[in-house]
file my_file-v1.cif (mmCIF, C-alpha atoms)
data_data
loop_
_atom_site.label_atom_id
_atom_site.label_comp_id
_atom_site.auth_asym_id
_atom_site.auth_seq_id
_atom_site.Cartn_x
_atom_site.Cartn_y
_atom_site.Cartn_z
CA MET A 1 0.00 0.00 0.00
CA LEU A 2 2.78 2.39 0.90
CA ALA A 3 4.63 1.59 -2.33
CA LEU A 4 1.42 2.15 -4.31
CA LEU A 5 0.83 5.53 -2.70
CA TRP A 6 4.45 6.43 -3.37
CA LEU A 7 4.04 5.49 -7.01
CA LEU A 8 0.85 7.56 -7.35
CA ILE A 9 2.45 10.62 -5.75
CA GLY A 10 5.49 10.23 -7.98
CA MET A 11 3.33 9.94 -11.11
CA PHE A 12 0.93 12.82 -10.46
CA ARG A 13 3.21 15.19 -8.54
CA ILE A 14 6.52 14.81 -10.37
CA GLU A 15 6.21 18.27 -11.94
CA LEU A 16 5.42 19.82 -8.56
CA ILE A 17 8.42 18.08 -6.97
CA PHE A 18 10.82 19.34 -9.63
CA SER A 19 9.33 22.84 -9.44
CA GLN A 20 9.80 22.87 -5.68
CA LEU A 21 13.41 21.70 -5.96
CA LYS A 22 14.04 24.44 -8.50
CA LEU A 23 12.33 26.98 -6.27
CA VAL A 24 14.47 25.98 -3.29
CA PHE A 25 17.64 26.26 -5.39
CA LEU A 26 16.68 29.70 -6.71
CA SER A 27 15.71 30.90 -3.23
CA VAL A 28 19.07 29.87 -1.80
CA TYR A 29 20.91 31.31 -4.82
CA PHE A 30 19.20 34.71 -4.61
CA GLY A 31 19.55 34.76 -0.84
CA ILE A 32 23.31 34.10 -0.97
CA PHE A 33 24.41 36.06 -4.03
CA SER A 34 21.84 38.85 -4.07
CA GLY A 35 21.43 39.38 -0.34
CA GLN A 36 17.65 39.29 -0.71
CA GLU A 37 15.49 37.91 2.07
CA ILE A 38 13.64 35.63 -0.31
CA ILE A 39 13.17 32.51 1.78
CA SER A 40 11.77 34.36 4.81
CA SER A 41 9.17 36.04 2.60
CA LEU A 42 7.81 32.83 1.05
CA GLY A 43 5.72 31.82 4.06
CA PHE A 44 4.76 28.60 5.82
CA GLU A 45 3.40 26.93 2.66
CA PHE A 46 6.85 27.06 1.07
CA PHE A 47 8.55 25.38 4.05
CA ASP A 48 5.75 22.84 4.37
CA LEU A 49 6.11 21.82 0.74
CA SER A 50 9.92 21.81 1.04
CA PHE A 51 9.78 19.46 4.02
CA SER A 52 7.31 17.14 2.30
CA THR A 53 9.41 17.05 -0.87
CA ALA A 54 12.64 16.31 1.02
CA ALA A 55 10.94 13.62 3.13
CA PHE A 56 9.40 12.07 0.01
CA LEU A 57 12.77 11.83 -1.74
CA ILE A 58 14.52 10.44 1.35
CA LEU A 59 11.81 7.87 2.00
CA SER A 60 11.86 6.89 -1.67
CA VAL A 61 15.51 5.92 -1.28
CA VAL A 62 14.67 3.99 1.90
CA LEU A 63 11.84 2.10 0.18
CA ILE A 64 14.11 1.13 -2.70
CA HIS A 65 16.86 0.04 -0.31
CA LYS A 66 14.42 -1.94 1.88
CA ARG A 67 12.29 -3.29 -0.96
CA ASP A 68 12.56 -6.89 0.29
CA THR A 69 11.19 -5.88 3.69
CA ILE A 70 8.37 -3.95 2.01
CA LYS A 71 7.41 -7.01 -0.02
CA MET A 72 7.13 -9.04 3.19
CA LEU A 73 4.82 -6.42 4.69
CA PHE A 74 2.44 -6.73 1.74
CA HIS A 75 1.47 -10.21 2.90
CA ARG A 76 0.16 -8.76 6.19
CA MET A 77 -1.78 -5.82 4.77
CA ASN A 78 -5.35 -5.42 5.96
CA PHE A 79 -7.83 -2.60 6.50
CA VAL A 80 -6.19 -1.38 9.72
CA TYR A 81 -2.68 -1.15 8.27
CA THR A 82 -4.05 0.47 5.11
CA VAL A 83 -5.79 3.22 7.08
CA MET A 84 -2.67 3.78 9.20
CA ILE A 85 -0.49 4.12 6.10
CA VAL A 86 -2.95 6.50 4.45
CA LEU A 87 -3.02 8.68 7.58
CA PHE A 88 0.79 8.63 7.71
CA VAL A 89 0.99 9.81 4.10
CA PHE A 90 -1.70 12.45 4.67
CA TYR A 91 0.09 13.79 7.74
CA PHE A 92 3.63 14.10 6.40
CA PHE A 93 2.98 14.67 2.70
CA ALA A 94 -0.23 16.72 2.61
CA PRO A 95 1.16 19.33 0.14
CA LEU A 96 2.06 16.52 -2.28
CA VAL A 97 -1.11 14.48 -1.81
CA SER A 98 -3.41 17.45 -2.42
CA ASP A 99 -2.90 19.93 -5.23
CA SER A 100 -5.00 22.60 -3.48
CA ASN A 101 -4.62 24.85 -0.50
CA PRO A 102 -7.33 23.80 2.00
CA TYR A 103 -8.43 27.44 2.31
CA PHE A 104 -8.44 28.29 -1.39
CA GLN A 105 -11.72 29.71 -2.66
CA LYS A 106 -12.62 31.58 -5.81
CA ASN A 107 -15.72 32.30 -7.89
CA LEU A 108 -18.20 30.82 -5.42
CA SER A 109 -21.06 30.97 -7.92
CA VAL A 110 -19.21 28.33 -9.96
CA THR A 111 -17.24 26.34 -7.39
CA LYS A 112 -19.46 26.01 -4.32
CA LEU A 113 -21.22 22.74 -3.44
CA GLN A 114 -19.87 20.79 -6.39
CA PRO A 115 -20.42 17.01 -6.04
CA PRO A 116 -17.55 14.48 -5.93
CA LEU A 117 -15.67 13.65 -9.15
CA THR A 118 -16.35 17.11 -10.57
CA THR A 119 -14.02 18.81 -13.04
CA LEU A 120 -14.16 22.60 -13.39
CA ASN A 121 -12.49 24.67 -16.08
CA TYR A 122 -10.60 27.89 -15.46
CA VAL A 123 -8.28 30.37 -17.14
CA ARG A 124 -5.40 32.41 -15.80
CA ILE A 125 -5.54 36.18 -16.29
CA PRO A 126 -2.10 37.66 -15.50
CA GLU A 127 -2.30 40.90 -13.53
CA THR A 128 0.68 42.27 -15.47
CA ASP A 129 2.23 41.52 -18.82
CA SER A 130 5.80 41.63 -17.56
CA ASN A 131 6.18 37.94 -16.94
CA LYS A 132 3.30 36.64 -19.01
CA ASN A 133 5.57 34.65 -21.31
CA ASP A 134 8.34 34.00 -18.84
CA SER A 135 7.23 30.76 -17.25
CA ASP A 136 10.70 30.18 -15.78
CA SER A 137 10.88 33.44 -13.84
CA PHE A 138 11.13 33.23 -10.08
CA PRO A 139 7.71 34.86 -9.38
CA GLU A 140 6.03 32.54 -11.89
CA ILE A 141 7.65 29.44 -10.34
CA VAL A 142 6.47 30.58 -6.90
CA ASN A 143 2.98 31.22 -8.23
CA ARG A 144 2.86 27.82 -9.93
CA THR A 145 4.38 25.82 -7.07
CA VAL A 146 3.28 27.28 -3.73
CA LYS A 147 -0.47 26.89 -3.28
CA LYS A 148 -2.11 30.09 -2.04
CA THR A 149 -5.39 30.74 -0.26
CA PHE A 150 -6.45 33.11 -3.03
CA ASP A 151 -5.25 33.63 -6.59
CA ASN A 152 -6.48 36.74 -8.32
CA GLU A 153 -5.34 35.44 -11.70
CA ILE A 154 -7.62 32.38 -11.69
CA GLN A 155 -11.14 32.63 -13.08
CA PHE A 156 -13.44 29.58 -12.97
CA PHE A 157 -16.28 29.50 -15.48
CA ASN A 158 -19.19 27.43 -16.74
CA ASN A 159 -18.88 28.39 -20.39
CA ILE A 160 -16.42 30.39 -22.50
CA LEU A 161 -17.01 32.36 -25.67
CA VAL A 162 -14.43 34.09 -27.89
CA GLU A 163 -15.70 37.30 -29.54
CA ARG A 164 -13.14 38.99 -31.77
CA ASP A 165 -10.50 40.31 -29.39
CA GLU A 166 -12.42 39.48 -26.21
CA VAL A 167 -13.09 36.40 -24.16
CA VAL A 168 -16.42 36.13 -22.35
CA LEU A 169 -16.61 33.90 -19.30
CA LYS A 170 -20.02 32.81 -18.06
CA GLN A 171 -20.13 32.29 -14.29
CA ASN A 172 -23.74 31.18 -13.78
CA GLN A 173 -25.71 34.44 -14.14
CA LYS A 174 -22.60 36.59 -14.37
CA TYR A 175 -20.58 37.41 -17.49
CA VAL A 176 -16.96 38.53 -17.27
CA ARG A 177 -15.03 39.93 -20.22
CA PHE A 178 -11.28 39.94 -20.75
CA LYS A 179 -8.95 40.95 -23.52
CA LEU A 180 -7.91 37.93 -25.54
CA ASN A 181 -4.26 38.97 -25.49
CA SER A 182 -4.33 39.11 -21.68
CA LEU A 183 -4.78 35.36 -21.46
CA MET A 184 -2.00 32.83 -21.45
CA ASN A 185 -2.73 31.44 -24.90
CA GLU A 186 -1.31 29.21 -27.54
CA GLY A 187 -1.99 29.95 -31.19
CA GLY A 188 -4.29 32.85 -30.39
CA GLU A 189 -6.74 30.67 -28.49
CA PRO A 190 -7.34 30.95 -24.74
CA LEU A 191 -5.46 28.35 -22.76
CA ILE A 192 -8.00 26.55 -20.61
CA TYR A 193 -6.99 24.60 -17.50
CA SER A 194 -9.06 22.11 -15.55
CA LYS A 195 -9.20 21.21 -11.86
CA PHE A 196 -10.50 17.91 -10.57
CA PHE A 197 -12.34 17.77 -7.23
CA LEU A 198 -12.21 14.17 -6.01
CA LEU A 199 -14.60 14.68 -3.08
CA GLY A 200 -16.34 17.79 -4.33
CA THR A 201 -16.35 21.28 -2.79
CA ASP A 202 -17.94 22.83 0.29
CA GLU A 203 -20.16 25.88 0.69
CA PHE A 204 -17.18 28.20 0.13
CA GLY A 205 -15.89 26.39 -2.95
CA ARG A 206 -13.00 24.79 -1.05
CA ASP A 207 -11.68 21.37 -2.00
CA VAL A 208 -13.14 18.82 0.43
CA PHE A 209 -10.37 16.30 -0.25
CA ALA A 210 -7.69 18.89 0.54
CA ARG A 211 -9.43 19.81 3.78
CA ILE A 212 -9.68 16.16 4.83
CA VAL A 213 -5.98 15.63 4.09
CA TYR A 214 -4.89 18.69 6.05
CA GLY A 215 -7.49 17.98 8.75
CA SER A 216 -5.68 14.74 9.55
CA ARG A 217 -2.78 16.85 10.79
CA ILE A 218 -4.96 18.52 13.42
CA SER A 219 -6.47 15.29 14.73
CA LEU A 220 -3.21 13.34 14.80
CA THR A 221 -1.13 16.20 16.22
CA VAL A 222 -3.59 16.82 19.03
CA GLY A 223 -3.84 13.06 19.66
CA PHE A 224 -0.09 12.49 19.77
CA PHE A 225 0.84 15.36 22.09
CA ALA A 226 -2.19 14.94 24.36
CA VAL A 227 -1.43 11.24 24.79
CA ALA A 228 2.26 12.03 25.38
CA LEU A 229 1.28 14.47 28.13
CA ALA A 230 -1.17 11.98 29.66
CA PHE A 231 1.49 9.26 29.50
CA ILE A 232 4.06 11.38 31.35
CA LEU A 233 1.56 12.44 34.01
CA GLY A 234 0.01 9.01 34.54
CA LEU A 235 3.31 7.13 34.60
CA SER A 236 5.09 9.62 36.88
CA LEU A 237 2.26 10.10 39.36
CA GLY A 238 1.41 6.38 39.43
CA PHE A 239 5.03 5.42 40.13
CA PHE A 240 5.41 8.14 42.77
CA SER A 241 2.17 7.09 44.47
CA GLY A 242 3.06 3.39 44.46
CA ILE A 243 6.63 3.87 45.69
CA LYS A 244 5.93 6.41 48.45
CA GLY A 245 2.58 5.09 49.70
CA GLY A 246 1.04 6.56 52.84
CA ILE A 247 -0.50 10.01 52.74
CA ILE A 248 0.93 10.77 49.28
CA ASP A 249 -0.78 7.69 47.85
CA ILE A 250 -4.08 8.66 49.51
CA ILE A 251 -3.95 12.24 48.18
CA LEU A 252 -3.05 11.25 44.62
CA SER A 253 -5.65 8.47 44.60
CA ARG A 254 -8.38 10.84 45.78
CA ILE A 255 -7.38 13.39 43.11
CA THR A 256 -7.58 10.64 40.50
CA ASP A 257 -11.03 9.56 41.73
CA ALA A 258 -12.18 13.19 41.61
CA PHE A 259 -11.09 13.47 37.97
CA LEU A 260 -12.83 10.18 37.14
CA THR A 261 -16.14 11.35 38.64
CA ILE A 262 -16.29 14.32 36.26
CA PRO A 263 -17.09 13.44 32.63
CA SER A 264 -13.98 14.50 30.74
CA ILE A 265 -15.88 16.21 27.93
CA PHE A 266 -17.58 18.56 30.42
CA PHE A 267 -14.25 19.35 32.05
CA VAL A 268 -12.68 20.06 28.66
CA ILE A 269 -15.55 22.29 27.51
CA LEU A 270 -15.50 24.22 30.79
CA VAL A 271 -11.75 24.90 30.63
CA LEU A 272 -11.77 25.87 26.95
CA ALA A 273 -14.79 28.13 27.42
CA LEU A 274 -13.04 29.92 30.29
CA PHE A 275 -9.52 30.21 28.85
CA GLY A 276 -10.10 30.17 25.09
CA SER A 277 -9.45 27.53 22.46
CA SER A 278 -6.27 26.89 20.49
CA ILE A 279 -4.27 23.85 19.52
CA VAL A 280 -2.01 24.23 22.56
CA SER A 281 -4.90 24.63 24.99
CA VAL A 282 -6.74 21.65 23.46
CA VAL A 283 -3.62 19.47 23.78
CA VAL A 284 -3.06 20.51 27.40
CA VAL A 285 -6.64 20.08 28.54
CA LEU A 286 -7.09 16.71 26.77
CA GLY A 287 -3.78 15.53 28.21
CA PHE A 288 -4.76 16.53 31.74
CA SER A 289 -8.13 14.81 31.36
CA GLY A 290 -6.77 11.43 30.23
CA TRP A 291 -3.96 10.43 32.59
CA MET A 292 -6.08 8.62 35.20
CA SER A 293 -6.15 5.15 33.59
CA LEU A 294 -2.36 5.16 33.19
CA PHE A 295 -2.03 6.29 36.80
CA LYS A 296 -4.03 3.32 38.05
CA ILE A 297 -2.21 0.81 35.82
CA THR A 298 1.20 2.08 36.91
CA LYS A 299 0.28 2.21 40.60
CA VAL A 300 -1.06 -1.36 40.60
CA GLU A 301 2.06 -2.67 38.85
CA VAL A 302 4.39 -0.82 41.22
CA LEU A 303 2.54 -2.14 44.28
CA SER A 304 2.73 -5.68 42.92
CA ILE A 305 6.49 -5.73 42.34
CA LYS A 306 8.03 -3.21 44.74
CA GLU A 307 8.48 -5.89 47.44
CA LYS A 308 9.93 -8.49 45.10
CA ASP A 309 13.55 -9.49 45.49
CA TYR A 310 14.86 -8.16 42.17
CA PHE A 311 13.23 -4.77 42.72
CA VAL A 312 14.51 -4.49 46.30
CA SER A 313 17.98 -5.54 45.13
CA SER A 314 17.94 -2.83 42.45
CA LYS A 315 17.09 -0.21 45.06
CA LEU A 316 19.85 -1.44 47.37
CA LEU A 317 22.34 -1.16 44.50
CA GLY A 318 21.59 2.56 44.42
CA MET A 319 19.42 2.85 41.30
CA SER A 320 17.52 6.12 41.11
CA ASN A 321 13.76 6.30 40.86
CA HIS A 322 14.02 7.23 37.18
CA ALA A 323 16.16 4.17 36.49
CA LEU A 324 13.82 1.93 38.47
CA LEU A 325 10.86 3.21 36.49
CA ALA A 326 12.58 2.81 33.12
CA LYS A 327 14.34 -0.52 33.72
CA GLU A 328 12.17 -2.38 36.20
CA ILE A 329 8.60 -1.07 35.95
CA VAL A 330 7.96 -0.13 32.32
CA PRO A 331 9.22 -3.43 30.77
CA VAL A 332 6.89 -5.40 33.04
CA MET A 333 3.81 -3.33 32.20
CA ILE A 334 4.50 -2.63 28.52
CA SER A 335 1.41 -4.55 27.37
CA PRO A 336 -1.24 -2.71 29.45
CA ILE A 337 0.55 0.63 28.88
CA MET A 338 0.55 0.23 25.09
CA ALA A 339 -3.11 -0.81 25.08
CA ALA A 340 -4.07 2.14 27.30
CA ILE A 341 -2.08 4.59 25.13
CA ILE A 342 -3.71 3.41 21.88
CA ILE A 343 -7.20 3.53 23.39
CA GLN A 344 -6.50 6.98 24.82
CA PHE A 345 -5.25 8.13 21.42
CA GLY A 346 -8.55 7.12 19.84
CA ASN A 347 -10.48 8.86 22.61
CA VAL A 348 -8.48 12.06 22.07
CA VAL A 349 -9.08 12.00 18.30
CA LEU A 350 -12.80 11.59 18.94
CA ALA A 351 -12.75 14.34 21.60
CA GLU A 352 -10.96 16.74 19.25
CA ALA A 353 -13.56 16.07 16.55
CA ALA A 354 -16.36 16.67 19.08
CA LEU A 355 -14.77 19.92 20.23
CA SER A 356 -14.32 21.06 16.63
CA TYR A 357 -17.96 20.23 16.00
CA LEU A 358 -18.89 22.46 18.96
CA GLY A 359 -16.55 25.22 17.77
CA LEU A 360 -14.25 24.90 20.80
CA SER A 361 -11.17 23.39 19.17
CA ALA A 362 -8.96 24.88 16.46
CA GLY A 363 -11.54 24.13 13.77
CA LEU A 364 -12.14 27.76 12.87
CA ASP A 365 -8.46 28.46 12.27
CA TYR A 366 -7.47 25.10 10.73
CA PRO A 367 -9.31 22.49 8.69
CA SER A 368 -10.73 19.91 11.08
CA TRP A 369 -12.92 16.86 10.52
CA GLY A 370 -15.33 17.82 13.29
CA ALA A 371 -15.71 21.37 12.00
CA MET A 372 -16.33 20.02 8.48
CA ILE A 373 -19.13 17.79 9.78
CA GLN A 374 -20.65 20.70 11.70
CA SER A 375 -20.66 23.05 8.70
CA GLY A 376 -21.94 20.32 6.39
CA GLN A 377 -25.04 19.47 8.42
CA ILE A 378 -26.77 22.60 7.13
CA TYR A 379 -26.47 21.28 3.56
CA ILE A 380 -27.25 17.63 4.30
CA SER A 381 -30.15 17.54 1.83
CA ARG A 382 -28.18 19.29 -0.94
CA ALA A 383 -24.58 18.20 -0.38
CA TRP A 384 -24.40 14.83 1.42
CA TRP A 385 -20.65 14.54 0.76
CA LEU A 386 -19.88 17.38 3.19
CA ILE A 387 -20.76 15.06 6.09
CA PHE A 388 -20.14 11.67 4.51
CA SER A 389 -16.50 12.30 3.54
CA PRO A 390 -15.09 13.57 6.88
CA GLY A 391 -17.43 11.29 8.82
CA SER A 392 -16.19 8.21 6.94
CA ILE A 393 -12.51 9.00 7.47
CA LEU A 394 -13.17 9.74 11.17
CA ILE A 395 -14.98 6.40 11.66
CA ALA A 396 -12.28 4.50 9.77
CA THR A 397 -9.57 6.20 11.85
CA LEU A 398 -11.24 5.43 15.19
CA PHE A 399 -11.93 1.81 14.21
CA SER A 400 -8.34 1.31 13.02
CA ILE A 401 -6.83 2.89 16.14
CA ASN A 402 -8.88 0.71 18.49
CA ARG A 403 -8.18 -2.39 16.42
CA LEU A 404 -4.45 -1.53 16.38
CA GLY A 405 -4.55 -1.36 20.17
CA ARG A 406 -5.88 -4.90 20.29
CA ILE A 407 -3.21 -6.07 17.84
CA ILE A 408 -0.41 -4.48 19.89
CA GLN A 409 -1.80 -5.91 23.12
CA ASN A 410 -1.96 -9.36 21.55
CA TYR A 411 1.63 -8.99 20.34
CA PHE A 412 2.95 -8.33 23.84
CA ASN A 413 0.58 -10.82 25.44
CA PRO A 414 -0.33 -13.61 22.98
CA ARG A 415 -2.63 -15.25 25.55
CA ILE A 416 -5.14 -12.44 24.94
CA SER A 417 -7.44 -13.44 22.11
CA LEU A 418 -8.13 -10.93 19.37
#
call {"tool": "encode", "arguments": {"input": "my_file-v1.cif", "output": "structure tokens"}}
result
Amino acid sequence: MLALLWLLIGMFRIELIFSQLKLVFLSVYFGIFSGQEIISSLGFEFFDLSFSTAAFLILSVVLIHKRDTIKMLFHRMNFVYTVMIVLFVFYFFAPLVSDSNPYFQKNLSVTKLQPPLTTLNYVRIPETDSNKNDSDSFPEIVNRTVKKTFDNEIQFFNNILVERDEVVLKQNQKYVRFKLNSLMNEGGEPLIYSKFFLLGTDEFGRDVFARIVYGSRISLTVGFFAVALAFILGLSLGFFSGIKGGIIDIILSRITDAFLTIPSIFFVILVLALFGSSIVSVVVVLGFSGWMSLFKITKVEVLSIKEKDYFVSSKLLGMSNHALLAKEIVPVMISPIMAAIIIQFGNVVLAEAALSYLGLSAGLDYPSWGAMIQSGQIYISRAWWLIFSPGSILIATLFSINRLGRIIQNYFNPRISL
């Protein structure tokens, strides 16, 4: 599956990859020899595409070098591994997977609420004639390579008509006229481009597929860092409570019980409503609301082994608490920890989607699956794909994460039946 996705990206994005490599070279060249601050002015999209291109080329070499290992993995491919690979590709190579900026919108009368598998035609109207025929100029390479949120040169249309020295574009009930010589043309005829929308467009004419691809970054980033925070808190507090015992154990246990009595979603909504919503605040609040299960697992394991001979001997040899945790506790409880982490990751992804649906996550500033479902419910009778597309990928992700947790748990403890 990974090799197939690599092949598809290489086939359909080879021109974009070469353009980006050329753009990076020209940026470095002008920055060194001309003293111009070119790279700093290109923006986040440039660096995002540069990272994805470099990672794609490096991983291509790795796949070729490890081709025998990849062939062995094909025999174990199933739905769970396929979804995980697709999410991995979406996350790290979003600018290569999608040929649109997730925020790009233009000519709403033509582009909005287009169904899946739609192809729309457009022309490019250069704002100036200075670089109209210079396709290899630096500004033109930037314009062609780095995807922007708005492009004043692009005009989508339903129909086109050439009248003497003018071109008339019909955009539903609107007619727009341009000089024929202002178009990028070949042989005196307007050069018409086409754009394919795999999953259609939303109410603002934005590419739904692009927003799903970039939305995976929000869900997975929040899930990873929130689970990492919950892991650190649960493991540290559980070990400290189990080792010290006494009043410290009672206090930490009562705090844990207090957190468990409050539904986490209400706690999260309360905190975000009081202190505002952002990616950082969502990560922190979801991390602080999900450490309790790891705390209990760690505490039980510590209590069960802290009186055993090998653990007591390790303490007498002078091992620090950090070393005891890393070398004596974690290896023993790797199976329940991994299962708890995977389950918590799925819960965080679902919680982030719910918060985005309620408008309390980062859904207004970034494309998010939950926010897409929320905005699409208004058009459910006219544009079913606005809910079906993000809803399907969310369900597939949650199912695959939970199933992966079972697979990992079975790997570390084969006695547990899948």
call {"tool": "resolve_selection", "arguments": {"input": "my_file-v1.cif", "expression": "the PyMOL selection byres ((chain A and resi 105-114) around 9)", "output": "ChimeraX atom specification"}}
result
/A:101-104,115-118,120,149-152,154-158,171-174,197,199-207,379,382-383,386
call {"tool": "atom_distance", "arguments": {"input": "my_file-v1.cif", "atom1": "CA of Ser389 (chain A)", "atom2": "CA of Ile373 (chain A)"}}
result
8.7 Å
call {"tool": "closest_residue", "arguments": {"input": "my_file-v1.cif", "among": "A:Leu21, A:Ile125, A:Leu191, A:Val213", "to": "Pro95 (chain A)", "atoms": "only C-alpha atoms"}}
result
A:Val213
call {"tool": "atom_distance", "arguments": {"input": "my_file-v1.cif", "atom1": "CA of Phe90 (chain A)", "atom2": "CA of Ser216 (chain A)"}}
result
6.7 Å
call {"tool": "atom_distance", "arguments": {"input": "my_file-v1.cif", "atom1": "CA of Glu163 (chain A)", "atom2": "CA of Val123 (chain A)"}}
result
16.0 Å
call {"tool": "resolve_selection", "arguments": {"input": "my_file-v1.cif", "expression": "the PyMOL selection byres ((chain A and resi 233) around 10)", "output": "PyMOL selection string"}}
result
chain A and resi 227-232+234-239+287-288+290-292+294-295
call {"tool": "closest_atom_pairs", "arguments": {"input": "my_file-v1.cif", "of": "region 193-288 of chain A", "to": "region 340-350 of chain A", "cutoff": "7 Å", "atoms": "all atoms listed in the file", "output": "Markdown table"}}
result
| residue | atom | partner | partner_atom | distance |
| --- | --- | --- | --- | --- |
| A:Ser219 | CA | A:Val349 | CA | 5.5 |
| A:Leu220 | CA | A:Val349 | CA | 7.0 |
| A:Gly223 | CA | A:Val348 | CA | 5.3 |
| A:Phe224 | CA | A:Phe345 | CA | 7.0 |
| A:Val227 | CA | A:Phe345 | CA | 6.0 |
| A:Leu286 | CA | A:Val348 | CA | 6.8 |
call {"tool": "closest_residue", "arguments": {"input": "my_file-v1.cif", "among": "A:Ile64, A:Val268, A:Leu23, A:Ile334", "to": "Phe47 (chain A)", "atoms": "all atoms listed in the file"}}
result
A:Leu23
call {"tool": "closest_residue", "arguments": {"input": "my_file-v1.cif", "among": "A:Ala371, A:Ile401, A:Leu316, A:Ile9", "to": "Gly359 (chain A)", "atoms": "all atoms listed in the file"}}
result
A:Ala371
call {"tool": "resolve_selection", "arguments": {"input": "my_file-v1.cif", "expression": "the PyMOL selection byres ((chain A and resi 361) around 10)", "output": "VMD selection string"}}
result
chain A and resid 218 269 272 276 to 283 351 to 360 362 to 366 368 370 to 371
call {"tool": "closest_residue", "arguments": {"input": "my_file-v1.cif", "among": "A:Phe46, A:Phe275, A:Phe240, A:Phe51", "to": "Thr145 (chain A)", "atoms": "only C-alpha atoms"}}
result
A:Phe46
call {"tool": "closest_residue", "arguments": {"input": "my_file-v1.cif", "among": "A:Met84, A:Leu270, A:Lys308, A:Lys299", "to": "Val330 (chain A)", "atoms": "all atoms listed in the file"}}
result
A:Lys299
call {"tool": "decode", "arguments": {"input": "my_file-v1.cif", "residues": "region 258-295 of chain A", "atoms": "C-alpha atoms", "output": "mmCIF file, in the first residue's frame"}}
result
data_model
loop_
_atom_site.group_PDB
_atom_site.id
_atom_site.type_symbol
_atom_site.label_atom_id
_atom_site.label_comp_id
_atom_site.auth_asym_id
_atom_site.auth_seq_id
_atom_site.Cartn_x
_atom_site.Cartn_y
_atom_site.Cartn_z
ATOM 1 C CA ALA A 258 -12.184 13.185 41.606
ATOM 2 C CA PHE A 259 -11.093 13.465 37.972
ATOM 3 C CA LEU A 260 -12.830 10.185 37.145
ATOM 4 C CA THR A 261 -16.139 11.345 38.644
ATOM 5 C CA ILE A 262 -16.291 14.318 36.265
ATOM 6 C CA PRO A 263 -17.090 13.436 32.629
ATOM 7 C CA SER A 264 -13.976 14.500 30.736
ATOM 8 C CA ILE A 265 -15.885 16.210 27.930
ATOM 9 C CA PHE A 266 -17.584 18.561 30.419
ATOM 10 C CA PHE A 267 -14.254 19.345 32.046
ATOM 11 C CA VAL A 268 -12.683 20.059 28.658
ATOM 12 C CA ILE A 269 -15.549 22.286 27.511
ATOM 13 C CA LEU A 270 -15.495 24.221 30.792
ATOM 14 C CA VAL A 271 -11.751 24.896 30.632
ATOM 15 C CA LEU A 272 -11.772 25.869 26.946
ATOM 16 C CA ALA A 273 -14.791 28.131 27.420
ATOM 17 C CA LEU A 274 -13.039 29.925 30.288
ATOM 18 C CA PHE A 275 -9.519 30.208 28.854
ATOM 19 C CA GLY A 276 -10.098 30.165 25.094
ATOM 20 C CA SER A 277 -9.446 27.531 22.463
ATOM 21 C CA SER A 278 -6.271 26.895 20.491
ATOM 22 C CA ILE A 279 -4.269 23.847 19.516
ATOM 23 C CA VAL A 280 -2.009 24.230 22.557
ATOM 24 C CA SER A 281 -4.900 24.628 24.995
ATOM 25 C CA VAL A 282 -6.738 21.651 23.464
ATOM 26 C CA VAL A 283 -3.624 19.468 23.780
ATOM 27 C CA VAL A 284 -3.064 20.514 27.401
ATOM 28 C CA VAL A 285 -6.639 20.079 28.537
ATOM 29 C CA LEU A 286 -7.088 16.710 26.772
ATOM 30 C CA GLY A 287 -3.775 15.531 28.205
ATOM 31 C CA PHE A 288 -4.764 16.528 31.739
ATOM 32 C CA SER A 289 -8.126 14.812 31.365
ATOM 33 C CA GLY A 290 -6.772 11.434 30.234
ATOM 34 C CA TRP A 291 -3.964 10.426 32.594
ATOM 35 C CA MET A 292 -6.082 8.621 35.203
ATOM 36 C CA SER A 293 -6.147 5.154 33.593
ATOM 37 C CA LEU A 294 -2.359 5.159 33.193
ATOM 38 C CA PHE A 295 -2.028 6.291 36.800
#
